[in-house]
>>> print(open('protein17.cif').read())   # mmCIF, C-alpha atoms
data_coords
loop_
_atom_site.label_atom_id
_atom_site.label_comp_id
_atom_site.auth_asym_id
_atom_site.auth_seq_id
_atom_site.Cartn_x
_atom_site.Cartn_y
_atom_site.Cartn_z
CA MET K 219 264.35 255.64 -178.55
CA ASN K 220 264.53 254.95 -182.23
CA ARG K 221 260.95 253.77 -182.52
CA HIS K 222 259.72 257.14 -181.25
CA ARG K 223 261.29 258.97 -184.13
CA ASP K 224 258.54 260.19 -186.39
CA LEU K 225 260.00 260.57 -189.88
CA PRO K 226 256.71 261.25 -191.74
CA GLY K 227 255.88 263.82 -189.08
CA LEU K 228 259.21 265.52 -189.57
CA ILE K 229 258.77 265.61 -193.34
CA LEU K 230 255.26 267.01 -192.91
CA ALA K 231 256.54 269.68 -190.55
CA LEU K 232 259.28 270.71 -192.99
CA ALA K 233 256.85 270.69 -195.91
CA SER K 234 254.35 272.89 -194.09
CA ALA K 235 257.12 275.27 -193.00
CA VAL K 236 258.17 275.67 -196.65
CA ALA K 237 254.53 276.00 -197.76
CA VAL K 238 253.64 278.64 -195.15
CA LEU K 239 256.81 280.63 -195.95
CA THR K 240 256.01 280.46 -199.68
CA ALA K 241 252.47 281.62 -198.99
CA LEU K 242 253.79 284.44 -196.82
CA GLY K 243 256.19 285.49 -199.56
CA MET K 244 253.42 285.44 -202.14
CA VAL K 245 251.10 287.45 -199.90
CA PHE K 246 253.64 290.25 -199.55
CA LEU K 247 255.65 290.11 -202.76
CA TYR K 248 253.59 288.40 -205.46
CA ALA K 249 250.00 289.48 -204.81
CA PRO K 250 249.21 292.99 -206.07
CA ARG K 251 248.22 295.83 -203.79
CA GLU K 252 244.43 296.02 -203.57
CA ALA K 253 243.10 299.25 -205.09
CA THR K 254 240.70 300.53 -202.40
CA MET K 255 241.84 298.82 -199.20
CA GLY K 256 245.57 298.95 -199.80
CA ASP K 257 248.06 296.70 -198.01
CA VAL K 258 245.55 295.90 -195.25
CA GLN K 259 243.77 293.61 -197.67
CA ARG K 260 246.75 291.22 -197.59
CA ILE K 261 245.41 289.82 -194.29
CA PHE K 262 242.58 288.36 -196.39
CA TYR K 263 244.68 285.40 -197.62
CA PHE K 264 245.50 284.06 -194.16
CA HIS K 265 242.07 285.03 -192.81
CA VAL K 266 240.20 282.98 -195.40
CA SER K 267 242.67 280.10 -195.10
CA SER K 268 242.36 279.82 -191.33
CA ALA K 269 238.56 280.03 -191.51
CA TRP K 270 238.52 277.25 -194.13
CA VAL K 271 240.79 275.02 -192.03
CA GLY K 272 238.60 275.68 -188.96
CA PHE K 273 235.44 274.56 -190.77
CA PHE K 274 237.22 271.57 -192.27
CA ALA K 275 238.57 270.53 -188.86
CA PHE K 276 235.06 270.55 -187.35
CA PHE K 277 233.80 268.53 -190.30
CA VAL K 278 236.51 265.96 -189.54
CA THR K 279 235.30 265.89 -185.91
CA PHE K 280 231.75 265.32 -187.15
CA LEU K 281 232.83 262.35 -189.28
CA ALA K 282 235.06 260.96 -186.54
CA GLY K 283 232.12 261.24 -184.11
CA ILE K 284 229.90 259.17 -186.41
CA LEU K 285 232.62 256.56 -186.85
CA TYR K 286 233.18 256.42 -183.09
CA LEU K 287 229.49 255.81 -182.40
CA ILE K 288 229.40 253.04 -185.02
CA ARG K 289 232.69 251.31 -184.25
CA GLY K 290 233.43 252.36 -180.67
CA GLU K 291 237.17 252.50 -181.36
CA ARG K 292 239.39 254.86 -179.37
CA GLN K 293 241.24 256.06 -182.49
CA TRP K 294 238.15 257.87 -183.79
CA ASP K 295 237.73 259.68 -180.50
CA ILE K 296 241.39 260.72 -180.60
CA LEU K 297 240.86 262.04 -184.13
CA ALA K 298 237.72 263.96 -183.10
CA LEU K 299 239.36 265.53 -180.07
CA SER K 300 242.59 266.42 -181.87
CA SER K 301 240.75 267.95 -184.80
CA VAL K 302 238.64 270.14 -182.50
CA GLU K 303 241.71 271.47 -180.71
CA VAL K 304 243.58 272.26 -183.92
CA GLY K 305 240.38 273.65 -185.46
CA LEU K 306 239.84 275.95 -182.47
CA THR K 307 243.28 277.44 -183.00
CA PHE K 308 242.52 278.20 -186.63
CA ILE K 309 239.00 279.52 -186.07
CA THR K 310 240.35 281.81 -183.34
CA MET K 311 242.90 283.06 -185.85
CA ALA K 312 240.10 283.63 -188.37
CA VAL K 313 238.08 285.67 -185.86
CA ILE K 314 241.10 287.73 -184.78
CA THR K 315 242.35 288.42 -188.32
CA GLY K 316 238.75 289.23 -189.28
CA SER K 317 238.49 291.92 -186.61
CA LEU K 318 241.95 293.27 -187.44
CA TRP K 319 240.85 293.56 -191.06
CA ALA K 320 237.51 295.14 -190.12
CA ARG K 321 239.16 297.93 -188.13
CA PRO K 322 240.88 299.88 -190.97
CA VAL K 323 238.32 298.93 -193.64
CA TRP K 324 235.04 299.46 -191.78
CA GLY K 325 236.33 301.53 -188.88
CA THR K 326 235.30 299.02 -186.22
CA TYR K 327 236.84 295.91 -184.68
CA TRP K 328 233.64 293.98 -184.88
CA THR K 329 230.87 293.92 -187.41
CA TRP K 330 228.06 291.37 -187.69
CA GLU K 331 229.23 290.35 -191.11
CA PRO K 332 227.77 286.83 -191.72
CA ARG K 333 231.07 285.01 -192.25
CA LEU K 334 232.67 286.63 -189.23
CA THR K 335 229.59 285.94 -187.12
CA ILE K 336 229.39 282.26 -188.08
CA SER K 337 233.09 281.88 -187.22
CA ALA K 338 232.41 283.36 -183.79
CA VAL K 339 229.45 281.00 -183.33
CA GLN K 340 231.69 278.06 -184.22
CA LEU K 341 234.29 279.23 -181.76
CA LEU K 342 231.68 279.25 -178.98
CA ILE K 343 230.27 275.85 -179.96
CA TYR K 344 233.64 274.13 -179.86
CA ILE K 345 234.69 275.85 -176.64
CA ALA K 346 231.50 274.29 -175.23
CA TYR K 347 232.64 270.95 -176.72
CA GLY K 348 235.90 271.22 -174.77
CA MET K 349 234.04 272.10 -171.58
CA LEU K 350 231.76 269.10 -172.04
CA ARG K 351 234.75 266.78 -172.44
CA ARG K 352 236.42 268.07 -169.31
CA ALA K 353 233.23 267.77 -167.25
CA VAL K 354 232.53 264.12 -168.13
CA GLU K 355 234.03 261.35 -166.01
CA GLY K 356 235.28 258.14 -167.60
CA PRO K 357 237.05 258.03 -170.97
CA GLU K 358 234.41 255.90 -172.68
CA ARG K 359 231.48 258.09 -171.67
CA GLN K 360 233.55 261.17 -172.48
CA ALA K 361 234.12 259.91 -176.01
CA ARG K 362 230.45 259.00 -176.46
CA PHE K 363 229.09 262.36 -175.26
CA ALA K 364 231.69 264.29 -177.25
CA ALA K 365 230.79 262.33 -180.39
CA VAL K 366 227.08 263.12 -179.98
CA TYR K 367 227.79 266.81 -179.33
CA GLY K 368 230.19 267.00 -182.28
CA ILE K 369 227.50 265.56 -184.57
CA VAL K 370 224.59 267.72 -183.37
CA ALA K 371 226.79 270.82 -183.35
CA PHE K 372 227.99 270.37 -186.91
CA VAL K 373 224.46 269.72 -188.16
CA THR K 374 223.29 273.08 -186.78
CA VAL K 375 226.12 275.01 -188.48
CA PRO K 376 224.55 275.25 -191.98
CA LEU K 377 221.24 276.29 -190.39
CA SER K 378 223.05 278.96 -188.36
CA TRP K 379 224.71 280.13 -191.54
CA PHE K 380 221.37 280.61 -193.34
CA ALA K 381 219.83 282.27 -190.31
CA ILE K 382 222.70 284.72 -189.90
CA ARG K 383 222.86 285.51 -193.61
CA TRP K 384 219.13 286.23 -193.93
CA TRP K 385 219.23 288.19 -190.72
CA ARG K 386 221.93 290.43 -192.24
CA THR K 387 220.12 290.86 -195.54
CA ILE K 388 217.02 292.07 -193.69
CA HIS K 389 219.06 294.53 -191.65
CA PRO K 390 221.74 295.47 -194.15
CA ASP K 391 224.92 296.73 -192.60
CA ILE K 392 225.87 299.98 -194.30
CA LEU K 393 229.34 299.60 -192.85
CA THR K 394 230.14 296.38 -194.67
CA GLY K 395 229.29 297.87 -198.06
CA GLY K 396 232.93 298.66 -198.81
CA GLY K 397 234.19 295.13 -198.30
CA GLU K 398 233.60 293.83 -201.80
CA MET K 399 236.58 293.32 -204.02
CA THR K 400 237.37 291.70 -207.32
CA LEU K 401 240.22 289.20 -207.33
CA THR K 402 242.91 289.38 -210.01
CA PRO K 403 244.51 286.09 -211.17
CA ARG K 404 247.56 286.74 -209.00
CA MET K 405 245.33 287.21 -205.97
CA VAL K 406 243.52 283.94 -206.70
CA GLN K 407 246.85 282.12 -207.02
CA THR K 408 248.06 283.55 -203.72
CA LEU K 409 244.81 282.53 -202.05
CA LEU K 410 245.07 278.99 -203.38
CA VAL K 411 248.67 278.63 -202.19
CA SER K 412 247.67 279.98 -198.75
CA LEU K 413 244.78 277.53 -198.57
CA ALA K 414 247.08 274.63 -199.45
CA ALA K 415 249.73 275.77 -196.97
CA PHE K 416 247.24 276.10 -194.12
CA THR K 417 245.66 272.74 -194.92
CA LEU K 418 249.11 271.13 -194.83
CA LEU K 419 249.81 272.88 -191.52
CA TYR K 420 246.50 271.51 -190.20
CA VAL K 421 247.47 267.95 -191.19
CA THR K 422 250.87 268.37 -189.52
CA LEU K 423 249.44 269.71 -186.29
CA LEU K 424 246.67 267.13 -186.29
CA ARG K 425 249.20 264.34 -186.67
CA GLN K 426 251.27 265.66 -183.77
CA ARG K 427 248.21 266.07 -181.56
CA ILE K 428 247.10 262.50 -182.31
CA ARG K 429 250.60 261.23 -181.48
CA LEU K 430 250.56 263.15 -178.21
CA GLU K 431 247.23 261.61 -177.24
CA ARG K 432 248.54 258.12 -178.09
CA PHE K 433 251.57 258.71 -175.86
CA ALA K 434 249.27 259.88 -173.08
CA ASP K 435 247.25 256.67 -173.48
CA ALA K 436 250.40 254.56 -173.45
CA LEU K 437 251.62 256.33 -170.32
CA ALA K 438 248.28 255.83 -168.60
CA ALA K 439 248.38 252.14 -169.50
CA LEU K 440 251.92 251.81 -168.09
CA ARG K 441 250.87 253.47 -164.85
CA MET K 442 247.94 251.07 -164.57
CA THR K 443 250.21 248.01 -164.77
CA GLN K 444 252.50 249.17 -161.97
CA MET Z 204 202.32 248.50 -175.41
CA ASP Z 205 203.35 250.06 -178.64
CA PHE Z 206 205.71 252.97 -179.14
CA LEU Z 207 203.12 255.70 -178.72
CA ASP Z 208 201.72 254.20 -175.51
CA LYS Z 209 205.19 254.06 -173.98
CA THR Z 210 206.01 257.61 -175.00
CA TRP Z 211 202.70 258.76 -173.63
CA ALA Z 212 203.25 256.88 -170.35
CA ILE Z 213 206.52 258.79 -169.83
CA VAL Z 214 204.83 262.13 -170.54
CA VAL Z 215 202.02 261.33 -168.10
CA LYS Z 216 204.55 260.26 -165.45
CA ASP Z 217 206.47 263.53 -165.83
CA VAL Z 218 203.38 265.68 -165.70
CA ALA Z 219 202.01 263.78 -162.69
CA ALA Z 220 205.32 264.01 -160.83
CA GLU Z 221 205.51 267.73 -161.52
CA TRP Z 222 201.91 268.24 -160.49
CA HIS Z 223 202.63 266.94 -156.96
CA THR Z 224 205.06 269.72 -156.15
CA ARG Z 225 204.82 272.14 -159.10
CA GLU Z 226 208.27 273.35 -158.03
CA MET Z 227 209.80 273.32 -161.49
CA LEU Z 228 206.86 274.95 -163.21
CA SER Z 229 206.55 277.66 -160.56
CA ALA Z 230 210.29 278.35 -160.71
CA MET Z 231 210.13 278.67 -164.51
CA LEU Z 232 207.12 280.97 -164.33
CA VAL Z 233 208.50 283.25 -161.64
CA PHE Z 234 211.82 283.34 -163.45
CA ALA Z 235 210.09 284.26 -166.73
CA VAL Z 236 208.21 287.12 -165.05
CA LEU Z 237 211.43 288.32 -163.40
CA ALA Z 238 213.22 288.21 -166.74
CA LEU Z 239 210.45 290.35 -168.23
CA LEU Z 240 210.96 292.89 -165.45
CA VAL Z 241 214.72 292.88 -165.95
CA PHE Z 242 214.30 293.47 -169.68
CA SER Z 243 211.72 296.14 -169.02
CA PHE Z 244 214.12 298.05 -166.73
CA ALA Z 245 217.12 297.45 -168.96
CA LEU Z 246 215.48 298.48 -172.23
CA ASP Z 247 212.80 300.86 -170.93
CA LEU Z 248 210.06 298.96 -172.72
CA ARG Z 249 207.33 301.44 -173.59
CA GLY Z 250 205.38 302.25 -176.71
CA ALA Z 251 207.31 301.80 -179.93
CA THR Z 252 210.40 300.46 -178.13
CA ALA Z 253 208.31 297.70 -176.59
CA ARG Z 254 206.94 296.66 -179.94
CA ALA Z 255 210.36 296.65 -181.60
CA ALA Z 256 212.01 294.73 -178.77
CA ALA Z 257 209.08 292.38 -178.05
CA PRO Z 258 210.15 289.38 -180.20
CA GLY Z 259 213.70 289.43 -178.85
CA VAL Z 260 212.64 289.86 -175.23
CA LEU Z 261 210.02 287.16 -175.57
CA TRP Z 262 212.38 284.57 -177.03
CA ALA Z 263 215.25 285.38 -174.70
CA THR Z 264 212.88 284.88 -171.77
CA VAL Z 265 211.56 281.61 -173.20
CA ALA Z 266 215.10 280.36 -173.89
CA PHE Z 267 216.38 281.13 -170.39
CA ALA Z 268 213.28 279.83 -168.60
CA GLY Z 269 213.51 276.76 -170.82
CA THR Z 270 217.03 275.87 -169.69
CA LEU Z 271 215.80 275.91 -166.07
CA GLY Z 272 213.08 273.41 -166.79
CA LEU Z 273 215.17 271.22 -169.08
CA SER Z 274 217.95 270.57 -166.62
CA ARG Z 275 215.49 270.14 -163.73
CA SER Z 276 213.52 267.53 -165.64
CA LEU Z 277 216.60 265.35 -166.25
CA VAL Z 278 218.20 265.96 -162.85
CA ARG Z 279 215.04 264.71 -161.15
CA GLU Z 280 215.05 261.68 -163.42
CA GLN Z 281 218.52 260.83 -162.15
CA GLN Z 282 218.09 261.71 -158.47
CA THR Z 283 215.05 259.47 -158.11
CA GLY Z 284 216.76 256.68 -160.05
CA CYS Z 285 213.83 256.73 -162.44
CA ILE Z 286 216.08 256.75 -165.50
CA ASP Z 287 217.62 253.43 -164.39
CA GLY Z 288 214.17 251.96 -164.10
CA LEU Z 289 213.28 253.22 -167.56
CA LEU Z 290 216.45 251.72 -168.99
CA LEU Z 291 215.71 248.35 -167.37
CA ALA Z 292 212.16 248.34 -168.68
CA PRO Z 293 211.62 247.03 -172.20
CA VAL Z 294 211.25 250.53 -173.59
CA ASP Z 295 212.77 251.73 -176.80
CA ARG Z 296 215.36 254.50 -176.20
CA THR Z 297 213.59 256.58 -178.83
CA ALA Z 298 210.38 256.36 -176.80
CA ILE Z 299 212.28 257.67 -173.76
CA PHE Z 300 213.56 260.57 -175.83
CA PHE Z 301 210.17 261.49 -177.24
CA GLY Z 302 208.57 261.08 -173.82
CA LYS Z 303 211.05 263.37 -172.10
CA ALA Z 304 211.06 265.88 -174.97
CA LEU Z 305 207.25 266.02 -175.08
CA GLY Z 306 207.13 266.50 -171.32
CA ASN Z 307 209.63 269.36 -171.54
CA LEU Z 308 207.73 270.85 -174.48
CA PHE Z 309 204.53 270.68 -172.46
CA PHE Z 310 206.06 272.56 -169.50
CA MET Z 311 207.59 275.19 -171.74
CA LEU Z 312 204.27 275.67 -173.53
CA ILE Z 313 202.47 276.17 -170.22
CA VAL Z 314 204.97 278.89 -169.34
CA GLU Z 315 204.44 280.50 -172.75
CA VAL Z 316 200.66 280.34 -172.51
CA ILE Z 317 200.90 282.40 -169.31
CA LEU Z 318 203.76 284.58 -170.52
CA LEU Z 319 202.18 285.72 -173.82
CA PRO Z 320 199.02 287.38 -172.42
CA LEU Z 321 201.06 288.85 -169.59
CA PHE Z 322 203.54 290.28 -172.07
CA ALA Z 323 200.76 291.53 -174.33
CA GLY Z 324 199.05 293.25 -171.41
CA LEU Z 325 202.12 294.73 -169.73
CA PHE Z 326 203.69 296.17 -172.86
CA ASN Z 327 200.61 296.63 -175.04
CA VAL Z 328 201.90 294.43 -177.84
CA PRO Z 329 199.39 292.40 -179.93
CA LEU Z 330 200.94 288.98 -179.30
CA LEU Z 331 197.71 287.03 -178.91
CA ARG Z 332 197.22 285.98 -182.50
CA PRO Z 333 196.92 282.39 -183.72
CA GLU Z 334 199.94 282.90 -186.03
CA VAL Z 335 202.14 284.05 -183.14
CA LEU Z 336 201.02 281.07 -181.08
CA LEU Z 337 201.86 278.72 -183.95
CA VAL Z 338 205.34 280.19 -184.37
CA THR Z 339 205.92 280.05 -180.62
CA MET Z 340 204.99 276.40 -180.59
CA LEU Z 341 207.10 275.45 -183.60
CA GLY Z 342 210.13 277.26 -182.22
CA THR Z 343 209.70 275.63 -178.83
CA VAL Z 344 209.57 272.15 -180.40
CA GLY Z 345 213.10 272.46 -181.75
CA TYR Z 346 214.42 274.10 -178.60
CA ALA Z 347 212.90 271.46 -176.33
CA ALA Z 348 214.18 268.64 -178.55
CA VAL Z 349 217.80 269.75 -178.70
CA GLY Z 350 217.58 270.80 -175.03
CA THR Z 351 216.38 267.35 -173.93
CA LEU Z 352 219.25 265.63 -175.74
CA LEU Z 353 221.86 267.99 -174.27
CA ALA Z 354 220.33 267.99 -170.79
CA ALA Z 355 220.56 264.20 -170.74
CA MET Z 356 224.31 264.62 -171.28
CA ALA Z 357 224.73 267.59 -168.94
CA VAL Z 358 223.22 265.79 -165.92
CA ASN Z 359 225.86 263.08 -166.29
CA THR Z 360 228.72 265.54 -165.96
CA ARG Z 361 230.40 267.12 -162.97
CA ALA Z 362 229.16 270.60 -163.89
CA ARG Z 363 225.50 269.51 -164.29
CA GLU Z 364 223.08 272.44 -164.61
CA VAL Z 365 225.87 274.95 -165.19
CA LEU Z 366 226.89 273.27 -168.39
CA LEU Z 367 223.50 273.06 -170.10
CA PRO Z 368 223.13 276.71 -171.21
CA VAL Z 369 226.71 276.70 -172.53
CA LEU Z 370 226.01 273.59 -174.60
CA LEU Z 371 222.50 274.52 -175.64
CA LEU Z 372 222.50 278.20 -176.60
CA PRO Z 373 225.07 278.12 -179.43
CA LEU Z 374 223.23 275.17 -181.02
CA ALA Z 375 219.88 276.94 -180.62
CA PHE Z 376 220.98 280.10 -182.45
CA PRO Z 377 219.29 279.20 -185.78
CA VAL Z 378 215.89 278.50 -184.25
CA LEU Z 379 216.13 281.54 -181.95
CA ILE Z 380 217.05 283.90 -184.81
CA ALA Z 381 214.31 282.47 -187.02
CA ALA Z 382 211.69 282.58 -184.26
CA VAL Z 383 212.53 286.19 -183.38
CA GLN Z 384 212.36 287.20 -187.04
CA THR Z 385 209.05 285.45 -187.68
CA THR Z 386 207.49 286.89 -184.53
CA GLY Z 387 208.81 290.33 -185.49
CA ALA Z 388 207.36 290.11 -189.00
CA LEU Z 389 203.98 289.07 -187.58
CA LEU Z 390 203.99 291.94 -185.08
CA GLU Z 391 204.64 294.40 -187.88
CA GLY Z 392 201.40 293.24 -189.45
CA GLY Z 393 202.87 290.66 -191.80
CA THR Z 394 201.27 287.33 -192.59
CA LEU Z 395 202.76 283.87 -192.20
CA THR Z 396 203.36 283.64 -195.95
CA GLU Z 397 205.43 286.82 -195.84
CA ALA Z 398 207.61 285.32 -193.13
CA GLY Z 399 207.61 282.00 -195.02
CA GLY Z 400 211.39 281.66 -195.35
CA TRP Z 401 211.94 282.04 -191.62
CA LEU Z 402 209.06 279.74 -190.81
CA ARG Z 403 210.53 277.11 -193.10
CA LEU Z 404 213.87 277.47 -191.34
CA ILE Z 405 212.18 276.78 -187.98
CA VAL Z 406 210.45 273.69 -189.39
CA VAL Z 407 213.67 272.42 -191.01
CA TYR Z 408 215.53 272.97 -187.72
CA ASP Z 409 212.83 271.04 -185.83
CA LEU Z 410 212.97 268.13 -188.26
CA VAL Z 411 216.77 267.97 -188.45
CA ILE Z 412 217.15 268.11 -184.67
CA LEU Z 413 214.43 265.51 -184.10
CA ALA Z 414 216.11 263.19 -186.59
CA VAL Z 415 219.62 263.61 -185.16
CA ALA Z 416 218.39 263.38 -181.57
CA THR Z 417 216.42 260.21 -182.35
CA LEU Z 418 219.54 258.64 -183.83
CA THR Z 419 221.93 259.67 -181.05
CA PHE Z 420 219.82 259.67 -177.85
CA GLY Z 421 220.53 255.97 -177.28
CA TYR Z 422 224.25 256.70 -177.02
CA VAL Z 423 223.64 259.34 -174.37
CA LEU Z 424 221.70 256.94 -172.14
CA GLU Z 425 223.49 253.65 -172.74
CA GLU Z 426 225.39 252.72 -169.58
#
>>> encode(input="protein17.cif", output="structure tokens")
Amino acid sequence: MNRHRDLPGLILALASAVAVLTALGMVFLYAPREATMGDVQRIFYFHVSSAWVGFFAFFVTFLAGILYLIRGERQWDILALSSVEVGLTFITMAVITGSLWARPVWGTYWTWEPRLTISAVQLLIYIAYGMLRRAVEGPERQARFAAVYGIVAFVTVPLSWFAIRWWRTIHPDILTGGGEMTLTPRMVQTLLVSLAAFTLLYVTLLRQRIRLERFADALAALRMTQ
Amino acid sequence: MDFLDKTWAIVVKDVAAEWHTREMLSAMLVFAVLALLVFSFALDLRGATARAAAPGVLWATVAFAGTLGLSRSLVREQQTGCIDGLLLAPVDRTAIFFGKALGNLFFMLIVEVILLPLFAGLFNVPLLRPEVLLVTMLGTVGYAAVGTLLAAMAVNTRAREVLLPVLLLPLAFPVLIAAVQTTGALLEGGTLTEAGGWLRLIVVYDLVILAVATLTFGYVLEE
């Protein structure tokens, strides 16, 4: 049993627990109350952090996809798949916190604000990625198709971003006018700590997901030999 | 045979095969007309409404009719075993991609050539201008290219045709938004230079997708 103990994983988990709690404390106790939006604005720190982690996770999938196509090693596919799953969790959080924030500030749960829209587009793209994986038979072909989709998908994201942003500047949303705010140094510090905490949490979850997939592989291999 | 000859041979084969039955093309066309009717009932397309909604309706119709043709073109390739023959033949994978993509582009353009005058006549919208035709073609290039790559994957899955729109539409958002905006600007009396930013976005999308698809198509086919 001893060899299954994952000390670095445990340390990572503890470190991210401390980091997330610190960030939470800073969000509520250290960061000042925003002048126009009030306490509602405090959702901003976790909203931005989860959106950042989501984008970063899909970037990791993009890189892992390229490496898989070049090297053909299972580990890169595991990384790509794990990063998508963890990334989906965070991007879903970004979309949900975004709509929760939009409700009191703009009076609606959904607004076609560019950053919110691109997050929703990403969510749809990587749900499609998961559907593609599940629909493909054979682990090797599954990895190959997923790698190609992960690459093409990530390449279209910047183009989507430009398209959505220009689209919104042509049809300006009067509603979103009140969303601008200036950040005080304390706010910036809180945001940076939140970003670091969420990134650490991403690494922790990613590591666990990779481990889980390795165990699943090992189990499948054991079943094959019997 | 050099690269272009091989690509061309695949296009000719696809067009000839389709010409025997015309089942795909007729399905796309009838579907496109039906979509126009659905939009017309749903949005009450008359007068100023028709003009405002025209670019969106046009591109939604093209996108949906396109997915029909794209999956059909690759499903047929697989059912007849033709793709295996192509893979055995000394043909560059890139030539297969360009052949299939050009064939799909050709079928989509035929649908558009019929759709545009019909649309213009039914809803009294001045769509028959060389600029609109150019934008339509450029937008379709990117859509057909990314669609061909994804359709080649989708036909090798359990879900087949069902999966293609789910994979394709979120990746086609940039080109669809840009094409709708350019068409809209042209309909409002603008020139191509005024819609230059959007037009550039379409061209950049086309080039990026063609490059990525050229690099990755081999991995989709390799068995």
>>> interface_residues(input="protein17.cif", of="chain Z", to="chain K", cutoff="10 Å", atoms="all atoms listed in the file", output="ChimeraX atom specification")
/Z:349,352-353,355-363,366-381,384,400-401,404-405,407-408,411-412,415-416,418-420,422-426
>>> residues_around(input="protein17.cif", residues="Leu305 of chain Z", least_positions_apart="2", cutoff="12 Å", atoms="only C-alpha atoms", output="PDB file with C-alpha atoms, keeping the file's coordinate frame")
ATOM      1  CA  LEU Z 207     203.120 255.700-178.720  1.00  0.00           C
ATOM      2  CA  THR Z 210     206.010 257.610-175.000  1.00  0.00           C
ATOM      3  CA  TRP Z 211     202.700 258.760-173.630  1.00  0.00           C
ATOM      4  CA  ALA Z 212     203.250 256.880-170.350  1.00  0.00           C
ATOM      5  CA  ILE Z 213     206.520 258.790-169.830  1.00  0.00           C
ATOM      6  CA  VAL Z 214     204.830 262.130-170.540  1.00  0.00           C
ATOM      7  CA  VAL Z 215     202.020 261.330-168.100  1.00  0.00           C
ATOM      8  CA  LYS Z 216     204.550 260.260-165.450  1.00  0.00           C
ATOM      9  CA  ASP Z 217     206.470 263.530-165.830  1.00  0.00           C
ATOM     10  CA  VAL Z 218     203.380 265.680-165.700  1.00  0.00           C
ATOM     11  CA  LEU Z 273     215.170 271.220-169.080  1.00  0.00           C
ATOM     12  CA  SER Z 276     213.520 267.530-165.640  1.00  0.00           C
ATOM     13  CA  THR Z 297     213.590 256.580-178.830  1.00  0.00           C
ATOM     14  CA  ALA Z 298     210.380 256.360-176.800  1.00  0.00           C
ATOM     15  CA  ILE Z 299     212.280 257.670-173.760  1.00  0.00           C
ATOM     16  CA  PHE Z 300     213.560 260.570-175.830  1.00  0.00           C
ATOM     17  CA  PHE Z 301     210.170 261.490-177.240  1.00  0.00           C
ATOM     18  CA  GLY Z 302     208.570 261.080-173.820  1.00  0.00           C
ATOM     19  CA  LYS Z 303     211.050 263.370-172.100  1.00  0.00           C
ATOM     20  CA  ASN Z 307     209.630 269.360-171.540  1.00  0.00           C
ATOM     21  CA  LEU Z 308     207.730 270.850-174.480  1.00  0.00           C
ATOM     22  CA  PHE Z 309     204.530 270.680-172.460  1.00  0.00           C
ATOM     23  CA  PHE Z 310     206.060 272.560-169.500  1.00  0.00           C
ATOM     24  CA  MET Z 311     207.590 275.190-171.740  1.00  0.00           C
ATOM     25  CA  LEU Z 312     204.270 275.670-173.530  1.00  0.00           C
ATOM     26  CA  MET Z 340     204.990 276.400-180.590  1.00  0.00           C
ATOM     27  CA  THR Z 343     209.700 275.630-178.830  1.00  0.00           C
ATOM     28  CA  VAL Z 344     209.570 272.150-180.400  1.00  0.00           C
ATOM     29  CA  GLY Z 345     213.100 272.460-181.750  1.00  0.00           C
ATOM     30  CA  TYR Z 346     214.420 274.100-178.600  1.00  0.00           C
ATOM     31  CA  ALA Z 347     212.900 271.460-176.330  1.00  0.00           C
ATOM     32  CA  ALA Z 348     214.180 268.640-178.550  1.00  0.00           C
ATOM     33  CA  VAL Z 349     217.800 269.750-178.700  1.00  0.00           C
ATOM     34  CA  GLY Z 350     217.580 270.800-175.030  1.00  0.00           C
ATOM     35  CA  THR Z 351     216.380 267.350-173.930  1.00  0.00           C
ATOM     36  CA  LEU Z 413     214.430 265.510-184.100  1.00  0.00           C
TER      37      LEU Z 413
END
>>> closest_residue(input="protein17.cif", among="Z:Phe206, Z:Trp262, Z:Trp222, Z:Phe242", to="Thr385 of chain Z", atoms="all atoms listed in the file")
Z:Trp262
>>> atom_distance(input="protein17.cif", atom1="atom CA of Ala249 of chain K", atom2="atom CA of Thr408 of chain K")
6.3 Å
>>> resolve_selection(input="protein17.cif", expression="the PyMOL selection byres ((chain K and resi 242) around 10)", output="NGL selection string")
:K and (236-241 or 243-248 or 260 or 263-264 or 408 or 411-412 or 415)
>>> residues_around(input="protein17.cif", residues="Phe273 of chain K", least_positions_apart="5", cutoff="10 Å", atoms="all atoms listed in the file", output="ChimeraX atom specification")
/K:268,278-279,302,305-306,308-309,337,340,372,375
>>> atom_distance(input="protein17.cif", atom1="atom CA of Ala398 of chain Z", atom2="atom CA of Arg383 of chain K")
15.3 Å
>>> resolve_selection(input="protein17.cif", expression="the PyMOL selection byres ((chain Z and resi 335) around 10)", output="JSON, numbers by chain")
{"Z": [319, 329, 330, 331, 332, 333, 334, 336, 337, 338, 339, 340, 341, 382, 385, 386, 387, 388, 389, 390, 395]}
>>> atom_distance(input="protein17.cif", atom1="atom CA of Leu261 of chain Z", atom2="atom CA of Ala338 of chain K")
24.2 Å
>>> resolve_selection(input="protein17.cif", expression="the PyMOL selection byres ((chain K and resi 314) around 12)", output="list of chain:residue names")
K:Ile261, K:Phe262, K:Phe264, K:His265, K:Val266, K:Ser268, K:Ala269, K:Thr307, K:Phe308, K:Ile309, K:Thr310, K:Met311, K:Ala312, K:Val313, K:Thr315, K:Gly316, K:Ser317, K:Leu318, K:Trp319, K:Ala320, K:Arg321, K:Tyr327, K:Trp328, K:Leu334, K:Thr335, K:Ser337, K:Ala338, K:Leu341
>>> residues_around(input="protein17.cif", residues="Leu325 of chain Z", least_positions_apart="2", cutoff="12 Å", atoms="all atoms listed in the file", output="list in words")
Val236, Leu239, Leu240, Ser243, Leu248, Arg249, Gly250, Ala253, Arg254, Ala257, Leu318, Leu319, Pro320, Leu321, Phe322, Ala323, Asn327, Val328, Pro329 and Leu330 of chain Z
